[in-house]
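Okay, entry26.cif now, which holds mmCIF, C-alpha atoms and all ligand atoms:
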```cif
data_model
loop_
_atom_site.label_atom_id
_atom_site.label_comp_id
_atom_site.auth_asym_id
_atom_site.auth_seq_id
_atom_site.Cartn_x
_atom_site.Cartn_y
_atom_site.Cartn_z
CA MET S 1 -38.42 47.80 -18.75
CA LEU S 2 -37.37 44.15 -18.39
CA GLU S 3 -35.20 42.50 -21.04
CA VAL S 4 -34.46 38.80 -20.61
CA ARG S 5 -32.01 37.39 -23.10
CA ASN S 6 -31.05 33.80 -23.92
CA LEU S 7 -31.45 32.27 -20.46
CA THR S 8 -30.23 28.69 -20.23
CA LYS S 9 -30.37 26.58 -17.07
CA ARG S 10 -29.55 22.91 -16.55
CA PHE S 11 -30.40 20.80 -13.50
CA GLY S 12 -28.04 17.87 -13.94
CA GLY S 13 -28.99 16.33 -17.26
CA LEU S 14 -32.28 18.22 -17.49
CA LEU S 15 -32.41 21.34 -19.65
CA ALA S 16 -34.98 23.37 -17.70
CA LEU S 17 -34.50 26.56 -19.77
CA SER S 18 -32.97 26.79 -23.20
CA ASP S 19 -32.09 30.13 -24.77
CA ALA S 20 -35.27 31.76 -23.44
CA SER S 21 -35.83 35.49 -24.07
CA LEU S 22 -38.69 37.86 -23.28
CA ASP S 23 -39.46 41.57 -22.96
CA VAL S 24 -41.79 43.39 -20.60
CA PRO S 25 -42.49 47.01 -21.61
CA GLU S 26 -43.21 49.56 -18.88
CA GLY S 27 -46.92 49.65 -17.95
CA ALA S 28 -47.69 46.29 -19.59
CA ILE S 29 -49.24 43.12 -18.26
CA VAL S 30 -47.35 40.24 -19.88
CA GLY S 31 -48.25 36.57 -19.41
CA LEU S 32 -45.86 33.62 -19.18
CA LEU S 33 -47.66 30.40 -20.09
CA GLY S 34 -46.73 26.78 -20.63
CA PRO S 35 -47.62 23.26 -19.52
CA ASN S 36 -46.42 21.78 -16.21
CA GLY S 37 -42.65 21.53 -16.00
CA ALA S 38 -42.11 23.87 -18.98
CA GLY S 39 -39.65 26.06 -17.05
CA LYS S 40 -41.84 29.03 -16.03
CA THR S 41 -40.90 29.03 -12.35
CA THR S 42 -37.23 28.48 -13.19
CA CYS S 43 -37.42 31.54 -15.45
CA PHE S 44 -38.94 33.65 -12.63
CA THR S 45 -36.46 32.34 -10.11
CA ILE S 46 -33.56 33.45 -12.28
CA ILE S 47 -35.07 36.83 -13.20
CA ALA S 48 -35.67 37.66 -9.52
CA GLY S 49 -32.16 36.58 -8.48
CA PHE S 50 -32.96 33.40 -6.49
CA THR S 51 -31.00 31.14 -8.87
CA ARG S 52 -28.18 31.82 -11.30
CA ALA S 53 -28.58 30.96 -14.97
CA ASP S 54 -25.85 28.99 -16.72
CA SER S 55 -25.89 31.68 -19.39
CA GLY S 56 -27.97 34.62 -20.54
CA SER S 57 -28.73 38.06 -19.13
CA VAL S 58 -31.43 40.07 -17.38
CA ARG S 59 -31.69 43.85 -17.67
CA LEU S 60 -34.02 46.07 -15.64
CA ASP S 61 -34.47 49.66 -16.87
CA GLY S 62 -31.38 49.16 -19.02
CA GLN S 63 -29.20 48.05 -16.08
CA ASP S 64 -27.61 44.60 -16.12
CA ILE S 65 -28.94 42.82 -13.01
CA THR S 66 -27.84 39.30 -13.96
CA GLY S 67 -26.69 37.42 -10.86
CA LEU S 68 -27.63 40.15 -8.35
CA PRO S 69 -29.21 38.81 -5.12
CA PRO S 70 -33.00 39.16 -4.66
CA HIS S 71 -32.84 42.00 -2.10
CA ARG S 72 -30.74 44.13 -4.48
CA ILE S 73 -33.12 43.43 -7.34
CA CYS S 74 -36.04 44.27 -5.08
CA GLY S 75 -34.33 47.54 -4.16
CA LEU S 76 -34.09 48.33 -7.88
CA GLY S 77 -37.86 47.94 -8.26
CA MET S 78 -38.67 44.32 -9.16
CA VAL S 79 -40.09 41.67 -6.86
CA ARG S 80 -41.62 38.22 -7.26
CA THR S 81 -44.49 36.55 -5.44
CA PHE S 82 -44.67 32.86 -4.63
CA GLN S 83 -47.16 30.26 -5.82
CA ILE S 84 -47.64 28.93 -2.31
CA VAL S 85 -48.22 31.89 -0.04
CA GLN S 86 -46.70 31.54 3.40
CA PRO S 87 -47.50 34.51 5.58
CA PHE S 88 -45.79 34.98 8.94
CA ALA S 89 -48.49 33.16 10.85
CA GLY S 90 -47.90 34.85 14.22
CA LEU S 91 -48.30 38.35 12.75
CA THR S 92 -51.41 40.29 11.74
CA VAL S 93 -52.24 41.01 8.11
CA GLN S 94 -51.01 44.60 8.52
CA GLU S 95 -47.72 43.45 10.11
CA ASN S 96 -47.22 40.99 7.25
CA ILE S 97 -47.64 43.74 4.66
CA ALA S 98 -45.28 45.93 6.69
CA VAL S 99 -42.53 43.32 6.23
CA GLY S 100 -42.35 44.46 2.60
CA ALA S 101 -42.44 48.14 3.63
CA TYR S 102 -39.36 47.87 5.92
CA LEU S 103 -37.23 47.92 2.79
CA ARG S 104 -38.09 51.61 2.42
CA HIS S 105 -39.16 52.72 5.88
CA GLU S 106 -36.86 52.36 8.84
CA SER S 107 -39.46 53.38 11.39
CA ARG S 108 -41.98 50.73 12.42
CA ARG S 109 -44.70 53.37 12.63
CA GLU S 110 -44.14 54.47 9.02
CA ALA S 111 -43.94 50.88 7.75
CA LEU S 112 -47.23 50.04 9.48
CA ALA S 113 -48.90 53.18 8.13
CA GLU S 114 -47.76 52.31 4.60
CA ALA S 115 -49.02 48.75 5.12
CA ARG S 116 -52.42 50.06 6.18
CA ARG S 117 -52.68 52.31 3.10
CA ILE S 118 -51.78 49.43 0.76
CA GLY S 119 -54.07 46.96 2.54
CA GLN S 120 -56.98 49.38 2.19
CA ARG S 121 -56.21 49.93 -1.50
CA LEU S 122 -56.41 46.17 -1.99
CA GLY S 123 -59.75 45.85 -0.23
CA MET S 124 -58.27 44.32 2.94
CA GLY S 125 -59.18 47.18 5.29
CA ALA S 126 -61.41 45.03 7.50
CA LEU S 127 -58.81 42.27 7.75
CA LEU S 128 -55.75 44.29 8.74
CA ASP S 129 -55.84 43.49 12.45
CA ARG S 130 -56.64 39.80 11.99
CA PRO S 131 -53.97 37.11 12.28
CA ALA S 132 -52.59 36.35 8.80
CA ALA S 133 -53.04 32.64 9.55
CA SER S 134 -56.83 33.15 9.51
CA LEU S 135 -56.92 34.32 5.86
CA THR S 136 -58.61 32.26 3.14
CA ILE S 137 -56.60 31.34 0.03
CA ALA S 138 -58.02 34.39 -1.76
CA GLY S 139 -57.03 36.58 1.18
CA ARG S 140 -53.51 35.13 1.16
CA LYS S 141 -53.14 35.90 -2.53
CA ARG S 142 -54.14 39.52 -1.88
CA LEU S 143 -51.69 39.64 1.01
CA GLU S 144 -48.92 38.39 -1.27
CA ILE S 145 -49.64 41.18 -3.77
CA ALA S 146 -49.84 43.74 -0.96
CA ARG S 147 -46.48 42.63 0.47
CA ALA S 148 -44.90 42.91 -2.97
CA LEU S 149 -46.36 46.40 -3.48
CA ALA S 150 -45.15 47.49 -0.05
CA THR S 151 -41.54 46.98 -1.15
CA GLY S 152 -42.08 49.87 -3.57
CA ALA S 153 -41.50 47.59 -6.56
CA ARG S 154 -42.66 48.93 -9.92
CA LEU S 155 -42.45 45.56 -11.69
CA LEU S 156 -44.24 42.63 -10.07
CA LEU S 157 -43.60 39.02 -11.07
CA LEU S 158 -46.76 37.13 -10.08
CA ASP S 159 -46.49 33.35 -9.83
CA GLU S 160 -49.98 31.86 -10.27
CA VAL S 161 -51.93 34.32 -8.15
CA MET S 162 -55.22 32.93 -9.48
CA ALA S 163 -54.49 29.26 -8.68
CA GLY S 164 -57.02 27.74 -6.29
CA LEU S 165 -59.49 30.63 -6.53
CA ILE S 166 -63.16 30.35 -7.47
CA PRO S 167 -64.36 32.40 -10.49
CA THR S 168 -65.73 35.35 -8.47
CA GLU S 169 -62.40 35.60 -6.61
CA VAL S 170 -60.53 35.47 -9.94
CA THR S 171 -62.67 38.36 -11.18
CA GLU S 172 -61.82 40.35 -8.05
CA ILE S 173 -58.06 39.78 -8.38
CA VAL S 174 -58.23 40.63 -12.09
CA GLY S 175 -59.83 43.96 -11.10
CA ILE S 176 -57.16 44.59 -8.45
CA ILE S 177 -54.30 43.88 -10.88
CA ARG S 178 -55.85 46.22 -13.47
CA GLN S 179 -56.21 48.94 -10.85
CA ILE S 180 -52.57 48.57 -9.73
CA ARG S 181 -51.40 48.66 -13.34
CA ASP S 182 -53.40 51.82 -13.97
CA GLU S 183 -51.62 53.34 -10.97
CA GLY S 184 -48.32 52.86 -12.81
CA HIS S 185 -47.12 49.31 -12.15
CA THR S 186 -45.97 46.66 -14.61
CA PHE S 187 -46.64 42.91 -14.42
CA LEU S 188 -45.14 39.67 -15.66
CA MET S 189 -47.42 36.83 -14.61
CA ILE S 190 -47.26 33.05 -14.71
CA GLU S 191 -50.85 31.95 -14.96
CA HIS S 192 -52.75 28.74 -15.67
CA VAL S 193 -56.20 30.29 -15.39
CA MET S 194 -56.84 31.08 -19.07
CA GLN S 195 -59.80 33.38 -18.33
CA ALA S 196 -57.46 35.59 -16.32
CA VAL S 197 -54.72 35.62 -18.95
CA MET S 198 -57.19 36.38 -21.72
CA SER S 199 -58.70 39.32 -19.89
CA LEU S 200 -55.50 40.80 -18.43
CA ALA S 201 -52.45 40.22 -20.60
CA GLU S 202 -51.91 42.24 -23.76
CA THR S 203 -49.20 39.85 -24.80
CA ALA S 204 -47.97 36.47 -23.57
CA TYR S 205 -45.06 34.09 -24.07
CA VAL S 206 -45.36 30.30 -24.15
CA LEU S 207 -42.63 28.03 -22.80
CA ASN S 208 -42.45 24.33 -23.61
CA TYR S 209 -39.59 22.06 -22.53
CA GLY S 210 -37.60 25.18 -21.61
CA LYS S 211 -37.92 26.85 -25.01
CA MET S 212 -40.00 29.92 -25.91
CA ILE S 213 -42.22 28.48 -28.62
CA ALA S 214 -44.60 31.39 -29.19
CA GLN S 215 -45.37 35.01 -28.39
CA GLY S 216 -48.51 36.99 -29.19
CA THR S 217 -51.82 38.24 -27.91
CA PRO S 218 -53.72 35.59 -25.92
CA GLN S 219 -56.25 35.47 -28.77
CA GLN S 220 -53.44 34.66 -31.26
CA LEU S 221 -51.89 32.09 -28.95
CA VAL S 222 -55.01 29.98 -28.44
CA ARG S 223 -55.15 29.58 -32.24
CA ASP S 224 -51.42 28.83 -32.63
CA PRO S 225 -50.95 25.12 -33.53
CA ALA S 226 -47.59 24.92 -31.68
CA VAL S 227 -49.26 26.19 -28.49
CA VAL S 228 -52.26 23.87 -28.83
CA GLU S 229 -49.89 20.92 -29.31
CA ALA S 230 -47.78 21.90 -26.30
CA TYR S 231 -50.86 21.81 -24.07
CA LEU S 232 -52.87 19.00 -25.62
CA GLY S 233 -50.22 16.74 -27.16
CA HIS S 234 -48.80 15.96 -30.59
CA GLY S 235 -51.40 16.02 -33.40
CA ALA S 236 -53.96 17.89 -31.30
CA ALA S 237 -54.01 20.99 -33.53
CA ALA S 238 -54.82 18.92 -36.63
CA ARG S 239 -57.48 16.93 -34.75
CA LEU S 240 -59.13 20.14 -33.53
CA GLN S 241 -59.14 21.56 -37.08
CA GLU S 242 -60.69 18.35 -38.42
CA ALA S 243 -63.30 18.43 -35.68
CA ALA S 244 -64.08 22.07 -36.46
CA HIS S 245 -64.66 21.26 -40.15
CA ALA S 246 -66.55 17.99 -39.59
N1 LIG Z 1 -34.07 22.77 -8.24
C1 LIG Z 1 -34.33 21.87 -9.21
N2 LIG Z 1 -33.60 20.75 -9.33
C2 LIG Z 1 -33.84 19.85 -10.31
N3 LIG Z 1 -34.81 20.00 -11.25
C3 LIG Z 1 -35.57 21.10 -11.18
C4 LIG Z 1 -35.37 22.10 -10.17
N4 LIG Z 1 -36.28 23.09 -10.35
C5 LIG Z 1 -37.01 22.72 -11.44
N5 LIG Z 1 -36.57 21.54 -11.93
C6 LIG Z 1 -37.10 20.85 -13.13
O1 LIG Z 1 -37.01 21.79 -14.21
C7 LIG Z 1 -38.15 21.68 -15.05
C8 LIG Z 1 -38.86 23.02 -15.11
O2 LIG Z 1 -39.50 23.23 -13.87
P1 LIG Z 1 -40.33 24.54 -13.52
O3 LIG Z 1 -40.78 24.41 -12.10
O4 LIG Z 1 -39.55 25.74 -13.88
O5 LIG Z 1 -41.58 24.40 -14.50
P2 LIG Z 1 -42.98 25.16 -14.47
O6 LIG Z 1 -43.26 25.52 -15.88
O7 LIG Z 1 -42.94 26.27 -13.49
O8 LIG Z 1 -43.97 24.04 -13.99
P3 LIG Z 1 -45.35 24.12 -13.13
O9 LIG Z 1 -46.37 24.74 -14.02
O10 LIG Z 1 -45.63 22.68 -12.86
O11 LIG Z 1 -45.07 24.92 -11.89
C9 LIG Z 1 -39.01 20.56 -14.48
O12 LIG Z 1 -38.70 19.37 -15.17
C10 LIG Z 1 -38.57 20.48 -13.02
O13 LIG Z 1 -38.74 19.17 -12.52
#
```

How does this structure look as structure tokens?
Amino acid sequence: MLEVRNLTKRFGGLLALSDASLDVPEGAIVGLLGPNGAGKTTCFTIIAGFTRADSGSVRLDGQDITGLPPHRICGLGMVRTFQIVQPFAGLTVQENIAVGAYLRHESRREALAEARRIGQRLGMGALLDRPAASLTIAGRKRLEIARALATGARLLLLDEVMAGLIPTEVTEIVGIIRQIRDEGHTFLMIEHVMQAVMSLAETAYVLNYGKMIAQGTPQQLVRDPAVVEAYLGHGAAARLQEAAHA
């Protein structure tokens, strides 16, 4: 569904992404992992059309979307969420979700009705008439997913939706993402919360210093020496092996 090929992006002298490629098959939940500063957000930003790559291409459903602006990409069925959720504070939860729905519904009544349906599906029925500013972090994360769904997108790029949540909230969001996937959506997710990646993603990619250094199931990746070293530092894989055999 999504084919990302050889993305390279420099910020001045810094190579933030170097020849990075990935694939997201329809109906999959794919993880994008990597230590701080590895280039994950830059990768998302380019895929969703917020920044141009220096080189490389992005295809959605076989169509070349490289360099298209975010609203066009959104109209074609792919949307990203943001790590720091900033709802329109003066609007209710329902009105915030409706902002996403206006892409498809011209009438305010229809957009609000669609927002209500999506909010209820995401377990926010009791919160719909509250001001969005009153939501907890977990509520804001749900709102961000709801807004993305309301655009009608089939492929959702989730940027750290589990960050800042307590374990029971993580479990709830994991359940919601599974449910949305089972209803026919596809996910590419940046995630630091390993528990969430392990239980959700069938496959994941690991970025380090802008390069894709590994791809596999989460279970394969946690045993991959290159991945262990990227997270824990040079020599860590050997030290862990020694410790395991001591
Ligand atoms: N607009 C920018 N201008 C200059 N440098 C940038 C810009 N955006 C990102 N960078 C740099 O590019 C590198 C990759 O950053 P990026 O935010 O993509 O990493 P990340 O993997 O998402 O990190 P984190 O997990 O901390 O969010 C970092 O060194 C960052 O400082």

One-decimal distance in Å that lies between CA of Arg121 in chain S and CA of Ile180 in chain S | 9.1 Å

Find the spatial neighbours of Thr45 in chain S, counting all atoms listed in the file, within a cut-off of 10 Å - ignore same-chain residues fewer than 6 positions away - and output them as a PyMOL selection string.
-> chain S and resi 39+51-53+70+80+82+157

Write out, as CSV, each residue of chain S that has an atom at most 10 Å from ligand LIG 1 (chain Z), together with the closest pair of atoms and their distance in Å to one decimal, counting only C-alpha atoms and all ligand atoms, rows going by chain and rising number.
```
residue,atom,partner,partner_atom,distance
S:Lys9,CA,Z:LIG1,O1,8.7
S:Arg10,CA,Z:LIG1,O1,7.9
S:Phe11,CA,Z:LIG1,C2,4.8
S:Gly12,CA,Z:LIG1,C2,7.1
S:Gly13,CA,Z:LIG1,N3,9.1
S:Leu14,CA,Z:LIG1,O1,6.8
S:Leu15,CA,Z:LIG1,O1,7.1
S:Ala16,CA,Z:LIG1,O1,4.3
S:Leu17,CA,Z:LIG1,C8,7.3
S:Leu32,CA,Z:LIG1,O6,9.1
S:Leu33,CA,Z:LIG1,O6,7.8
S:Gly34,CA,Z:LIG1,O6,6.0
S:Pro35,CA,Z:LIG1,O9,5.8
S:Asn36,CA,Z:LIG1,O10,3.6
S:Gly37,CA,Z:LIG1,O5,3.4
S:Ala38,CA,Z:LIG1,O6,3.7
S:Gly39,CA,Z:LIG1,O4,3.2
S:Lys40,CA,Z:LIG1,O6,3.8
S:Thr41,CA,Z:LIG1,O7,3.6
S:Thr42,CA,Z:LIG1,O4,3.7
S:Cys43,CA,Z:LIG1,O4,6.4
S:Phe44,CA,Z:LIG1,O4,8.0
S:Thr45,CA,Z:LIG1,O4,8.2
S:Ile46,CA,Z:LIG1,O4,9.9
S:Thr51,CA,Z:LIG1,N1,8.9
S:Gln83,CA,Z:LIG1,O11,8.4
S:Asp159,CA,Z:LIG1,O7,8.7
S:Glu160,CA,Z:LIG1,O11,8.7
S:Ile190,CA,Z:LIG1,O7,8.1
S:Glu191,CA,Z:LIG1,O9,8.5
S:His192,CA,Z:LIG1,O9,7.7
S:Val206,CA,Z:LIG1,O6,9.8
S:Leu207,CA,Z:LIG1,O6,7.4
S:Asn208,CA,Z:LIG1,O6,7.9
S:Tyr209,CA,Z:LIG1,C8,7.5
S:Gly210,CA,Z:LIG1,C8,7.0
```

Once 5 Å is added on each side, what are the centre and the three edge lengths, in Å to one decimal, of the axis-aligned box enclosing the listed atoms of range 154-166 of chain S? Present them as lines of an AutoDock Vina configuration file.
```
center_x = -52.8
center_y = 38.3
center_z = -9.0
size_x = 30.7
size_y = 31.2
size_z = 15.4
```

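Between Arg117 in chain S and the residues S:Leu60, S:Ala150, S:Ala132, S:Met1, the shortest atom-to-atom distance, using all atoms listed in the file, involves S:Ala150.
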
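Across the structure, CA of Ala148 in chain S and CA of Ala98 in chain S are spaced 10.1 Å apart.
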
At what distance in Å, to one decimal, does CA of Ala230 in chain S lie from CA of Met212 in chain S?
-> 11.2 Å

Val24 in chain S environment, 10 Å, only C-alpha atoms, sequence neighbours closer than 3 positions dropped, as a ChimeraX atom specification = /S:1-4,27-31,60,155,186-188,203-204

Pick out the residues sitting within 8 Å of Arg178 in chain S, and hand them over as a ChimeraX atom specification; count only C-alpha atoms, and ignore anything fewer than 4 positions along from it in its own chain.
-> /S:174,182,200

Spatial neighbours of Val93 in chain S, max dist 12 Å, only C-alpha atoms, sep filter under 4 positions, as a PyMOL selection string | chain S and resi 86-89+97-100+112+115-116+118-120+124-136+139-144+146-147

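Nearest-residue note for Glu172 in chain S: choosing from S:Met189, S:Gly49, S:Thr151, S:Gly123, the minimum distance belongs to S:Gly123, counting only C-alpha atoms.
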
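Distances here use all atoms listed in the file; by that measure, the residue among S:Val227, S:Ala196, S:Ala153, S:Ile213 closest to Gly77 in chain S is S:Ala153.
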